[in-house]
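S.K.: Below is the file target-v8.csv, with CSV, C-alpha atoms.
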```
chain,number,residue,atom,x,y,z
V,1,MET,CA,99.8,59.9,107.8
V,2,SER,CA,100.7,59.3,104.2
V,3,LYS,CA,100.1,55.8,102.7
V,4,ARG,CA,103.8,55.5,102.0
V,5,ARG,CA,104.7,56.4,105.6
V,6,ALA,CA,102.3,53.8,106.9
V,7,ALA,CA,103.9,51.3,104.5
V,8,ARG,CA,107.3,52.2,105.7
V,9,GLU,CA,106.2,51.7,109.3
V,10,GLN,CA,104.8,48.3,108.5
V,11,ALA,CA,108.0,47.4,106.7
V,12,LEU,CA,110.0,48.5,109.7
V,13,LYS,CA,107.9,46.2,112.0
V,14,TRP,CA,108.4,43.3,109.7
V,15,LEU,CA,112.2,43.9,109.4
V,16,TYR,CA,112.3,44.1,113.2
V,17,GLN,CA,110.6,40.7,113.5
V,18,ILE,CA,112.9,39.2,110.9
V,19,ASP,CA,116.0,40.7,112.6
V,20,VAL,CA,115.3,40.3,116.3
V,21,GLY,CA,112.7,37.6,116.3
V,22,LYS,CA,114.4,35.6,113.6
V,23,THR,CA,111.0,35.2,112.0
V,24,PRO,CA,111.2,33.8,108.4
V,25,VAL,CA,110.6,36.5,105.8
V,26,ASP,CA,107.5,34.9,104.3
V,27,GLN,CA,106.0,34.4,107.7
V,28,ALA,CA,106.7,38.0,108.8
V,29,ILE,CA,105.2,39.8,105.8
V,30,VAL,CA,101.9,38.0,105.9
V,31,GLU,CA,100.1,40.3,108.3
V,32,ALA,CA,99.5,44.0,107.5
V,33,TYR,CA,97.1,44.6,110.5
V,34,GLY,CA,94.4,46.1,108.3
V,35,ARG,CA,96.0,49.6,108.2
V,36,LEU,CA,97.2,49.5,104.6
V,37,ASP,CA,95.4,49.2,101.3
V,38,GLU,CA,96.8,46.7,98.7
V,39,ALA,CA,99.2,49.2,97.2
V,40,GLY,CA,100.6,50.0,100.7
V,41,VAL,CA,101.0,46.3,101.5
V,42,GLU,CA,102.8,45.8,98.2
V,43,PHE,CA,105.2,48.7,98.8
V,44,ALA,CA,105.9,47.5,102.3
V,45,ARG,CA,106.6,44.0,101.0
V,46,GLU,CA,108.9,45.4,98.2
V,47,LEU,CA,110.9,47.3,100.9
V,48,VAL,CA,111.3,44.2,103.1
V,49,ARG,CA,112.2,41.9,100.2
V,50,GLY,CA,114.6,44.5,98.9
V,51,VAL,CA,116.3,44.9,102.2
V,52,VAL,CA,116.6,41.2,102.7
V,53,ALA,CA,118.0,40.7,99.2
V,54,HIS,CA,120.6,43.5,99.7
V,55,VAL,CA,121.3,43.2,103.4
V,56,THR,CA,125.0,42.4,103.1
V,57,GLU,CA,125.6,45.4,100.8
V,58,ILE,CA,123.5,47.6,103.1
V,59,ASP,CA,125.1,46.4,106.3
V,60,GLU,CA,128.6,47.1,104.9
V,61,LEU,CA,127.5,50.7,104.1
V,62,ILE,CA,126.0,51.1,107.6
V,63,ALA,CA,129.2,49.9,109.2
V,64,ARG,CA,131.2,52.3,107.0
V,65,TYR,CA,129.1,55.4,107.8
V,66,ALA,CA,128.2,54.6,111.4
V,67,LYS,CA,131.5,55.7,112.9
V,68,ASP,CA,132.4,53.8,116.1
V,69,TRP,CA,129.2,51.8,116.0
V,70,SER,CA,129.1,48.1,115.1
V,71,LEU,CA,125.9,46.7,113.8
V,72,ASP,CA,125.5,44.5,116.8
V,73,ARG,CA,125.9,47.4,119.2
V,74,MET,CA,123.3,49.5,117.4
V,75,ALA,CA,119.7,49.5,118.6
V,76,ALA,CA,117.7,47.1,116.4
V,77,VAL,CA,115.2,49.8,115.5
V,78,ASP,CA,118.0,52.1,114.3
V,79,ARG,CA,119.7,49.4,112.4
V,80,ASN,CA,116.5,48.5,110.6
V,81,VAL,CA,115.5,52.1,109.9
V,82,LEU,CA,118.9,52.6,108.3
V,83,ARG,CA,118.5,49.4,106.2
V,84,LEU,CA,115.1,50.5,105.0
V,85,ALA,CA,116.4,54.0,104.0
V,86,MET,CA,119.5,52.8,102.4
V,87,PHE,CA,117.6,50.3,100.3
V,88,GLU,CA,115.3,53.1,99.1
V,89,ILE,CA,118.2,55.4,98.4
V,90,LEU,CA,120.3,52.8,96.5
V,91,HIS,CA,117.6,50.8,94.7
V,92,LEU,CA,114.4,52.8,94.3
V,93,PRO,CA,115.4,55.7,92.0
V,94,ASP,CA,111.8,57.0,91.7
V,95,ILE,CA,111.9,58.1,95.4
V,96,PRO,CA,113.9,61.2,96.0
V,97,HIS,CA,116.9,60.6,98.3
V,98,GLY,CA,115.8,63.4,100.7
V,99,VAL,CA,112.4,61.8,101.1
V,100,SER,CA,113.9,58.5,102.1
V,101,ALA,CA,116.2,60.2,104.6
V,102,ASP,CA,113.5,62.4,106.1
V,103,GLU,CA,111.1,59.4,106.4
V,104,ALA,CA,113.9,57.4,108.2
V,105,VAL,CA,114.5,60.2,110.7
V,106,GLU,CA,110.7,60.4,111.4
V,107,LEU,CA,110.6,56.6,111.9
V,108,ALA,CA,113.5,56.9,114.3
V,109,LYS,CA,111.8,59.7,116.2
V,110,LYS,CA,108.6,57.6,116.5
V,111,TYR,CA,110.0,54.2,117.3
V,112,SER,CA,113.4,55.0,119.0
V,113,THR,CA,114.8,58.1,120.7
V,114,ALA,CA,115.6,61.7,119.9
V,115,GLU,CA,119.3,60.7,119.8
V,116,SER,CA,118.5,57.9,117.4
V,117,SER,CA,117.0,60.3,115.0
V,118,LYS,CA,120.2,62.4,115.1
V,119,PHE,CA,122.3,59.3,114.5
V,120,VAL,CA,120.1,58.1,111.6
V,121,ASN,CA,120.2,61.6,110.1
V,122,GLY,CA,124.0,61.7,110.4
V,123,VAL,CA,124.6,58.3,108.9
V,124,LEU,CA,122.3,59.0,105.9
V,125,GLY,CA,123.6,62.5,105.5
V,126,SER,CA,127.1,61.1,105.1
V,127,LEU,CA,125.9,58.5,102.6
V,128,LEU,CA,124.1,61.1,100.6
V,129,ARG,CA,127.1,63.5,100.5
V,130,ASP,CA,129.3,60.7,99.2
V,131,LEU,CA,126.7,59.6,96.6
V,132,GLY,CA,126.5,63.3,95.5
V,133,GLU,CA,130.3,63.5,95.2
V,134,ARG,CA,130.4,60.3,93.1
V,135,GLN,CA,127.6,61.5,90.8
V,136,ALA,CA,129.3,64.8,90.4
V,137,GLU,CA,132.7,63.3,89.3
V,138,PRO,CA,133.5,63.9,85.6
V,139,GLN,CA,132.8,60.8,83.6
V,140,PRO,CA,135.4,59.7,81.1
V,141,GLN,CA,134.3,60.4,77.6
V,142,PRO,CA,134.8,58.0,74.7
V,143,GLU,CA,137.7,59.0,72.3
V,144,ASN,CA,135.3,60.0,69.5
V,145,ASP,CA,133.4,62.5,71.8
V,146,ARG,CA,136.5,64.6,72.5
```
Now, as a test, write the supplied structure out as structure tokens.
M.R.:
Amino acid sequence: MSKRRAAREQALKWLYQIDVGKTPVDQAIVEAYGRLDEAGVEFARELVRGVVAHVTEIDELIARYAKDWSLDRMAAVDRNVLRLAMFEILHLPDIPHGVSADEAVELAKKYSTAESSKFVNGVLGSLLRDLGERQAEPQPQPENDR
């Protein structure tokens, strides 16, 4: 298992504690259970802090792309896998979007169900298609560049 995958798994566990167990962020991210080196722990903490900081924006996107699924009806693992992946896609430009999506699908397979991995893949695929469309739109050019 890659170090980043292990860090994502740890981040998912912490996000689950924060979401379902209502554990305060600083309390949840203290333990790394000895599986991660310092760089892995820092990456996991960056992911959790980023999700928490942007949760409103991320949850709005999840609600938009998860057709017919409200956040409270969604399995907690699936909701947090999507939060994690969307934070990476939107706020960590050094990570390829496809890697973030693939890692999320793998997390869903491991910690949820086969159907969940399909759901996660569909939601993230829709987001990535829309991001690609927006990035491909022609940008207005300043008058002096025409």
S.K.: Which of these residues is nearest to V:Asp19, using all atoms listed in the file: V:Glu42, V:Glu57, V:Asp72, V:Glu103?
M.R.: V:Asp72
S.K.: Applying 9 Å and only C-alpha atoms, which residues near stretch 74-76 of chain V remain after dropping the ones on its own chain fewer than 6 positions away? List them as a list in words.
M.R.: Tyr16, Asp19, Val20, Ser112 and Ser116 of chain V
S.K.: Give me a file of those residues, with C-alpha atoms, as a PDB file, keeping the file's coordinate frame.
M.R.:
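again.pdb was written with the following content:
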```pdb
ATOM      1  CA  TYR V  16     112.300  44.100 113.200  1.00  0.00           C
ATOM      2  CA  ASP V  19     116.000  40.700 112.600  1.00  0.00           C
ATOM      3  CA  VAL V  20     115.300  40.300 116.300  1.00  0.00           C
ATOM      4  CA  SER V 112     113.400  55.000 119.000  1.00  0.00           C
ATOM      5  CA  SER V 116     118.500  57.900 117.400  1.00  0.00           C
TER       6      SER V 116
END
```
S.K.: So how far away is atom CA of V:Phe43 from atom CA of V:Lys118, in Å?
M.R.: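 Taking atom CA of V:Lys118 as the start and atom CA of V:Phe43 as the end point, the length is 26.0 Å.
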S.K.: So how many Å separate atom CA of V:Leu107 and atom CA of V:Val41, to one decimal?
M.R.: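 Computing it gives 17.5 Å between the two atoms.
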S.K.: Ranking V:Glu60, V:Asp94, V:Glu9, V:Asp26 by minimum distance to V:Val81 and counting only C-alpha atoms, which one comes first?
M.R.: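 Selected residue with least distance to V:Val81: V:Glu9.
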S.K.: With the cut-off set at 9 Å and counting all atoms listed in the file, tabulate each residue of stretch 99-122 of chain V with an atom at most that distance from an atom of stretch 62-68 of chain V, showing the nearest atom pair and its distance in Å to one decimal, ordered by chain and increasing number, as a tab-separated table.
M.R.:
```
residue	atom	partner	partner_atom	distance
V:Phe119	CA	V:Ala66	CA	8.2
V:Val120	CA	V:Ala66	CA	8.8
V:Gly122	CA	V:Ala66	CA	8.3
```
S.K.: Extract, using all atoms listed in the file, all DNA, RNA and protein residues at most 10 Å from V:Leu61, discarding same-chain residues fewer than 4 positions from it, and format them as a ChimeraX atom specification.
M.R.: /V:55-57,65-66,82-83,86,123-124,127
S.K.: Could you tell me how far atom CA of V:Ala53 sits from atom CA of V:Arg8, in Å to one decimal place?
M.R.: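 About the pair atom CA of V:Arg8 and atom CA of V:Ala53: they are 17.0 Å apart.
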S.K.: Of the candidates V:Ala11, V:Gly40, V:Ala101, V:Leu131, which shows the shortest atom-to-atom distance to V:Ala28, using only C-alpha atoms?
M.R.: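 Ranking V:Ala11, V:Gly40, V:Ala101, V:Leu131 by distance to V:Ala28, first place goes to V:Ala11.
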S.K.: Using all atoms listed in the file for the distances, tell me which of V:Leu90, V:Leu84, V:Val99, V:Ala6 is nearest to V:Leu47.
M.R.: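 For V:Leu47, the nearest of the candidates is V:Leu84.
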S.K.: Would you list the contacts of V:Gln17 as an NGL selection string, taking every protein, DNA or RNA residue within 12 Å and counting all atoms listed in the file, but skipping same-chain residues closer than 3 positions in sequence?
M.R.: :V and (10-14 or 20-31 or 48 or 76-77 or 80)
S.K.: Please provide as a list in words all residues within 8 Å of V:Glu106, with the sequence filter that same-chain residues fewer than 4 positions apart are discarded (counting only C-alpha atoms).
M.R.: Asp102, Lys110 and Ser117 of chain V
